[in-house]
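Asks: Structure file entry_12.txt (compact mmCIF, C-alpha atoms) right here:
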# COMPACT_ATOMS: atom_id res chain seq x y z
CA MET A 25 -206.87 32.71 119.16
CA ILE A 26 -209.03 33.20 116.09
CA ALA A 27 -210.44 30.38 113.97
CA GLN A 28 -212.71 30.27 110.95
CA ASP A 29 -215.37 27.82 109.85
CA VAL A 30 -215.86 29.12 106.31
CA CYS A 31 -213.72 26.61 104.43
CA ARG A 32 -212.05 23.41 105.60
CA VAL A 33 -209.70 23.53 102.60
CA CYS A 34 -208.32 26.95 103.58
CA ALA A 35 -207.74 26.34 107.28
CA VAL A 36 -208.09 23.92 110.13
CA ALA A 37 -211.71 23.60 111.27
CA ALA A 38 -212.54 25.88 114.19
CA SER A 39 -213.89 22.94 116.18
CA GLN A 40 -210.48 21.26 115.93
CA VAL A 41 -208.74 24.46 117.04
CA VAL A 42 -211.08 24.73 120.03
CA ASP A 43 -210.44 21.09 120.96
CA GLU A 44 -206.65 21.41 120.59
CA LEU A 45 -206.30 24.71 122.46
CA ALA A 46 -208.74 24.20 125.31
CA PRO A 47 -208.93 26.04 127.69
CA ILE A 48 -207.54 28.96 125.62
CA PRO A 49 -210.46 31.11 124.43
CA VAL A 50 -211.03 30.89 120.67
CA LEU A 51 -212.96 33.48 118.69
CA ARG A 52 -214.83 31.55 116.00
CA GLN A 53 -215.79 33.46 112.89
CA HIS A 54 -218.10 31.96 110.29
CA PRO A 55 -219.54 34.72 108.11
CA HIS A 56 -221.86 33.97 105.22
CA THR A 57 -222.78 37.49 104.11
CA LEU A 58 -221.04 40.83 103.78
CA ALA A 59 -223.01 42.08 106.81
CA GLU A 60 -221.67 39.16 108.85
CA VAL A 61 -218.10 39.86 107.68
CA LEU A 62 -218.44 43.46 108.85
CA ALA A 63 -219.90 42.30 112.18
CA ASP A 64 -216.96 39.90 112.60
CA ILE A 65 -214.51 42.78 112.10
CA VAL A 66 -216.21 44.66 114.94
CA GLU A 67 -216.22 41.52 117.11
CA LEU A 68 -212.51 40.95 116.45
CA ALA A 69 -211.68 44.55 117.31
CA ARG A 70 -213.66 44.23 120.54
CA ALA A 71 -211.77 41.02 121.41
CA CYS A 72 -208.51 42.91 120.83
CA ASP A 73 -209.77 45.83 122.95
CA THR A 74 -209.56 48.12 119.90
CA ASP A 75 -212.05 50.67 118.61
CA ALA A 76 -213.38 49.50 115.24
CA ALA A 77 -215.33 52.71 114.62
CA PRO A 78 -212.72 54.52 112.46
CA LEU A 79 -212.12 51.47 110.27
CA MET A 80 -215.82 50.70 109.98
CA ALA A 81 -216.63 54.31 109.05
CA ASP A 82 -214.02 54.15 106.29
CA LEU A 83 -215.23 50.77 105.03
CA ARG A 84 -218.88 51.86 105.01
CA ALA A 85 -218.04 55.10 103.19
CA ARG A 86 -216.09 53.17 100.55
CA LEU A 87 -218.89 50.62 100.18
CA GLU A 88 -221.39 53.41 99.65
CA ALA A 89 -219.13 55.23 97.17
CA ALA A 90 -218.70 52.04 95.14
CA ARG A 91 -222.42 51.28 95.26
CA SER A 92 -223.16 54.83 94.15
CA ALA A 93 -220.68 54.61 91.26
CA ALA A 94 -222.23 51.31 90.14
CA GLY A 95 -225.71 52.83 90.42
CA ARG A 96 -224.86 55.43 87.80
CA ARG A 97 -224.57 52.65 85.19
CA PRO A 98 -227.13 50.12 83.98
CA ARG A 99 -227.09 46.80 85.80
CA VAL A 100 -225.45 43.92 83.93
CA ARG A 101 -226.26 40.21 83.84
CA GLY A 102 -223.17 38.35 84.97
CA VAL A 103 -221.76 35.16 86.39
CA PHE A 104 -218.95 35.10 88.93
CA LEU A 105 -216.94 31.89 89.20
CA GLU A 106 -214.95 30.98 92.31
CA TRP A 107 -213.49 27.90 90.61
CA LEU A 108 -213.18 26.86 86.98
CA ASP A 109 -213.02 23.09 86.63
CA PRO A 110 -215.73 22.40 87.49
CA PRO A 111 -217.19 25.91 87.66
CA TYR A 112 -218.27 27.07 91.11
CA PRO A 113 -220.64 30.06 91.05
CA ALA A 114 -220.34 32.75 93.71
CA GLY A 115 -221.34 31.96 97.27
CA HIS A 116 -221.16 33.41 100.77
CA TRP A 117 -220.58 37.20 100.66
CA THR A 118 -219.64 37.51 97.00
CA PRO A 119 -223.29 37.74 95.82
CA ASP A 120 -223.68 40.76 98.13
CA LEU A 121 -220.68 42.38 96.43
CA LEU A 122 -222.06 41.56 92.99
CA ASP A 123 -225.41 43.12 93.82
CA MET A 124 -223.75 46.29 95.11
CA ALA A 125 -221.60 46.41 91.95
CA GLY A 126 -224.69 46.26 89.74
CA VAL A 127 -224.18 42.67 88.60
CA ASP A 128 -227.20 40.38 88.51
CA ASP A 129 -225.88 36.83 88.83
CA PRO A 130 -228.61 34.18 88.46
CA LEU A 131 -226.25 31.41 89.62
CA ALA A 132 -225.05 33.15 92.80
CA ARG A 133 -225.83 31.58 96.16
CA PRO A 134 -226.21 34.50 98.60
CA GLY A 135 -225.24 33.56 102.14
CA ARG A 136 -224.50 29.96 101.22
CA PRO A 137 -221.34 28.10 100.24
CA SER A 138 -220.56 27.84 96.57
CA ILE A 139 -221.09 24.40 95.04
CA ALA A 140 -219.95 22.75 91.85
CA GLY A 141 -221.95 23.60 88.78
CA THR A 142 -221.57 22.91 85.10
CA TRP A 143 -220.49 24.93 82.11
CA GLU A 144 -223.95 24.20 80.69
CA GLN A 145 -225.46 26.11 83.63
CA VAL A 146 -223.06 29.00 83.04
CA ARG A 147 -224.01 29.10 79.34
CA ALA A 148 -227.73 28.90 80.17
CA ALA A 149 -227.37 31.91 82.49
CA ALA A 150 -226.40 33.92 79.39
CA PRO A 151 -224.09 36.36 81.16
CA GLU A 152 -222.94 39.57 79.51
CA LEU A 153 -220.08 39.63 82.05
CA LEU A 154 -218.11 36.57 83.17
CA VAL A 155 -215.88 37.16 86.21
CA LEU A 156 -213.21 34.57 87.00
CA ALA A 157 -211.66 34.80 90.47
CA PRO A 158 -210.69 31.26 91.48
CA CYS A 159 -210.26 30.62 95.17
CA GLY A 160 -206.65 30.63 96.30
CA TRP A 161 -205.17 31.91 93.03
CA ASP A 162 -203.73 35.27 92.14
CA ALA A 163 -204.71 36.87 88.82
CA GLU A 164 -201.69 35.47 86.95
CA ARG A 165 -202.42 31.89 88.04
CA ALA A 166 -206.13 32.40 87.34
CA ARG A 167 -205.32 33.47 83.78
CA ARG A 168 -203.18 30.36 83.29
CA GLU A 169 -205.89 28.09 84.65
CA ALA A 170 -208.55 29.86 82.58
CA SER A 171 -206.55 29.07 79.47
CA ALA A 172 -207.03 25.36 80.26
CA VAL A 173 -210.83 25.82 79.97
CA GLN A 174 -210.74 28.54 77.32
CA ASP A 175 -213.11 26.64 75.02
CA GLN A 176 -215.68 26.49 77.81
CA ILE A 177 -215.22 30.19 78.60
CA ASP A 178 -215.62 31.10 74.93
CA SER A 179 -218.73 28.92 74.64
CA VAL A 180 -220.47 31.05 77.29
CA GLY A 181 -220.56 33.96 74.84
CA ALA A 182 -220.08 36.70 77.43
CA ALA A 183 -219.31 40.09 75.90
CA GLN A 184 -216.74 40.69 78.65
CA VAL A 185 -214.55 38.23 80.57
CA VAL A 186 -212.64 39.58 83.55
CA VAL A 187 -210.00 37.71 85.54
CA LEU A 188 -209.45 38.98 89.09
CA ASP A 189 -207.27 37.96 92.02
CA GLY A 190 -209.56 35.72 94.03
CA SER A 191 -206.96 34.95 96.67
CA ALA A 192 -206.18 38.54 97.59
CA TYR A 193 -209.66 39.96 97.29
CA PHE A 194 -212.76 37.79 97.14
CA ASN A 195 -212.03 34.54 98.92
CA ARG A 196 -211.24 35.76 102.42
CA PRO A 197 -213.69 37.50 104.73
CA GLY A 198 -212.20 40.79 105.87
CA PRO A 199 -211.71 44.47 105.05
CA ARG A 200 -210.27 43.68 101.61
CA LEU A 201 -213.76 42.73 100.46
CA VAL A 202 -214.28 46.47 100.01
CA ASP A 203 -211.32 46.45 97.61
CA SER A 204 -213.09 43.55 95.89
CA LEU A 205 -216.25 45.61 95.40
CA GLU A 206 -214.21 48.49 94.03
CA ALA A 207 -212.49 46.10 91.59
CA LEU A 208 -215.85 44.74 90.43
CA VAL A 209 -217.20 48.23 89.83
CA ALA A 210 -214.05 49.20 87.93
CA ALA A 211 -214.22 46.02 85.83
CA ARG A 212 -217.74 46.72 84.60
Please go through the file and, once you have read it, give me the structure as structure tokens.
Replies:
Amino acid sequence: MIAQDVCRVCAVAASQVVDELAPIPVLRQHPHTLAEVLADIVELARACDTDAAPLMADLRARLEAARSAAGRRPRVRGVFLEWLDPPYPAGHWTPDLLDMAGVDDPLARPGRPSIAGTWEQVRAAAPELLVLAPCGWDAERARREASAVQDQIDSVGAAQVVVLDGSAYFNRPGPRLVDSLEALVAAR
């Protein structure tokens, strides 16, 4: 059994899974950074008696290719929001992805959970790029929800506003985070 401790909204707490399933072994994963997500993939493969080396080689090559592509362009000041009302700046592994994509986010919380902020903080950060990828929502739903706070988004004054699929890409720790990085690089 596998359980996560990243978000109690997204899944049952790992401690509850362990208590309910004892004595069944439970692999608990609680990554905070991209490096920890990658380590968890290797740990999961090991638990499944599978060789993670081919997947990890592919993921690392794609990460490096995306980082290289981003490095050929000037870095941009940006803010990434994981929730819109109230705004939640990027946390956990997303700041790692932003850095690799060439986005300097002064509100990001590397390796720590995202917490509620204010639109005043987002405005004060003066981002050139505003990325909206609300947790649990696909891009279509994110666009609808963004329209509800459009005045706030406009007041930030970002030259570029990008809406991405948080649910499919950014919000879950796994191999698709590489797709997330590639989407960030493409969006810049």
Asks: Got a sec: who's within 12 Å of A:Met124, counting all atoms listed in the file, leaving out chain neighbours fewer than 3 positions off, as a ChimeraX atom specification?
Replies: /A:58,86-97,99-100,117-121,127-129,201-202,204-209
Asks: Quick one: residues within 9 Å of A:Gly190, only C-alpha atoms counted, chain neighbours fewer than 2 positions away excluded, as a PDB file with C-alpha atoms, keeping the file's coordinate frame?
Replies:
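The new file around26.pdb reads:
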ATOM      1  CA  GLU A 106    -214.950  30.980  92.310  1.00  0.00           C
ATOM      2  CA  LEU A 156    -213.210  34.570  87.000  1.00  0.00           C
ATOM      3  CA  ALA A 157    -211.660  34.800  90.470  1.00  0.00           C
ATOM      4  CA  PRO A 158    -210.690  31.260  91.480  1.00  0.00           C
ATOM      5  CA  CYS A 159    -210.260  30.620  95.170  1.00  0.00           C
ATOM      6  CA  GLY A 160    -206.650  30.630  96.300  1.00  0.00           C
ATOM      7  CA  TRP A 161    -205.170  31.910  93.030  1.00  0.00           C
ATOM      8  CA  ASP A 162    -203.730  35.270  92.140  1.00  0.00           C
ATOM      9  CA  ALA A 163    -204.710  36.870  88.820  1.00  0.00           C
ATOM     10  CA  ALA A 166    -206.130  32.400  87.340  1.00  0.00           C
ATOM     11  CA  VAL A 187    -210.000  37.710  85.540  1.00  0.00           C
ATOM     12  CA  LEU A 188    -209.450  38.980  89.090  1.00  0.00           C
ATOM     13  CA  ALA A 192    -206.180  38.540  97.590  1.00  0.00           C
ATOM     14  CA  TYR A 193    -209.660  39.960  97.290  1.00  0.00           C
ATOM     15  CA  PHE A 194    -212.760  37.790  97.140  1.00  0.00           C
ATOM     16  CA  ASN A 195    -212.030  34.540  98.920  1.00  0.00           C
ATOM     17  CA  ARG A 196    -211.240  35.760 102.420  1.00  0.00           C
ATOM     18  CA  SER A 204    -213.090  43.550  95.890  1.00  0.00           C
TER      19      SER A 204
END
Asks: Quick check, in Å to one decimal: how far apart do atom CA of A:Phe104 and atom CA of A:Ser171 lie?
Replies: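 The value is 16.7 Å.
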Asks: Name the residues in contact with A:Gly135 at a cut-off of 6 Å, using only C-alpha atoms, excluding same-chain residues fewer than 4 positions from it; report them as a list in words.
Replies: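 In the requested format, the answer is His56, Thr57 and His116 of chain A.
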Asks: Which one is closest to A:Ala76: A:Ala211, A:Leu154, A:Pro199, A:Glu169? Count only C-alpha atoms.
Replies: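 The answer is A:Pro199, which sits nearest to A:Ala76.
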Asks: Choose the residue, out of A:Ala69, A:Leu51, A:Val185, A:Leu62, that has the smallest atom-to-atom separation from A:Leu83; count all atoms listed in the file.
Replies: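 Using all atoms listed in the file, the shortest distance to A:Leu83 belongs to A:Leu62.
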Asks: Env of A:Ala170: 10 Å cut, atoms = all atoms listed in the file, seq-sep filter 2 positions within chain, self excluded. Answer as an NGL selection string.
Replies: :A and (107-109 or 156-158 or 164-168 or 172-177 or 187)
Asks: Would you please work out which residue, of A:Pro197, A:Gly126, A:Gly181, A:Pro137, is nearest to A:Ala149 when using only C-alpha atoms?
Replies: A:Gly181
Asks: Atom CA of A:Arg84 to atom CA of A:Arg70: how many Å, to one decimal?
Replies: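 Separating atom CA of A:Arg84 from atom CA of A:Arg70 is a distance of 18.1 Å.
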Asks: Just the number, please: distance in Å from atom CA of A:Leu153 to atom CA of A:Asp178, one decimal.
Replies: 12.0 Å
Asks: Between A:Pro55, A:Pro78, A:Asp73, A:Ile48, which has the minimum distance to A:Arg136 (counting all atoms listed in the file)?
Replies: A:Pro55
Asks: Point out the residue among A:Asp75, A:Asp203, A:Glu152, A:Glu67 with the least atom-to-atom distance to A:Ala182, counting all atoms listed in the file.
Replies: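 Closest residue, counting all atoms listed in the file: A:Glu152.
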Asks: Hey, which of A:Val66, A:Ala81, A:Ile139, A:Ala183 ends up closest to A:Pro151? Count only C-alpha atoms.
Replies: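 Closest residue, counting only C-alpha atoms: A:Ala183.
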Asks: As a compact mmCIF listing (two decimals), in the coordinates of the input, please: stretch 56-72 of chain A completed to N, CA and C atoms.
Replies:
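part22.txt, written as the output of this step:
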# COMPACT_ATOMS: atom_id res chain seq x y z
N HIS A 56 -221.27 34.43 106.48
CA HIS A 56 -221.86 33.97 105.22
C HIS A 56 -222.21 35.13 104.30
N THR A 57 -222.37 36.32 104.88
CA THR A 57 -222.78 37.49 104.11
C THR A 57 -221.81 38.63 104.38
N LEU A 58 -221.89 39.67 103.55
CA LEU A 58 -221.04 40.83 103.78
C LEU A 58 -221.36 41.47 105.14
N ALA A 59 -222.63 41.53 105.51
CA ALA A 59 -223.01 42.08 106.81
C ALA A 59 -222.36 41.30 107.95
N GLU A 60 -222.30 39.99 107.82
CA GLU A 60 -221.67 39.16 108.85
C GLU A 60 -220.16 39.36 108.88
N VAL A 61 -219.54 39.57 107.71
CA VAL A 61 -218.10 39.86 107.68
C VAL A 61 -217.83 41.15 108.43
N LEU A 62 -218.63 42.17 108.17
CA LEU A 62 -218.44 43.46 108.85
C LEU A 62 -218.66 43.32 110.35
N ALA A 63 -219.66 42.54 110.75
CA ALA A 63 -219.90 42.30 112.18
C ALA A 63 -218.73 41.56 112.81
N ASP A 64 -218.13 40.63 112.08
CA ASP A 64 -216.96 39.90 112.60
C ASP A 64 -215.77 40.83 112.80
N ILE A 65 -215.61 41.82 111.93
CA ILE A 65 -214.51 42.78 112.10
C ILE A 65 -214.69 43.54 113.41
N VAL A 66 -215.92 43.95 113.69
CA VAL A 66 -216.21 44.66 114.94
C VAL A 66 -215.97 43.74 116.13
N GLU A 67 -216.41 42.49 116.02
CA GLU A 67 -216.22 41.52 117.11
C GLU A 67 -214.72 41.27 117.37
N LEU A 68 -213.95 41.16 116.30
CA LEU A 68 -212.51 40.95 116.45
C LEU A 68 -211.85 42.16 117.10
N ALA A 69 -212.25 43.35 116.70
CA ALA A 69 -211.68 44.55 117.31
C ALA A 69 -212.02 44.59 118.81
N ARG A 70 -213.25 44.25 119.13
CA ARG A 70 -213.66 44.23 120.54
C ARG A 70 -212.82 43.22 121.33
N ALA A 71 -212.58 42.05 120.75
CA ALA A 71 -211.77 41.02 121.41
C ALA A 71 -210.34 41.49 121.62
N CYS A 72 -209.88 42.36 120.73
CA CYS A 72 -208.51 42.91 120.83
C CYS A 72 -208.49 44.23 121.60
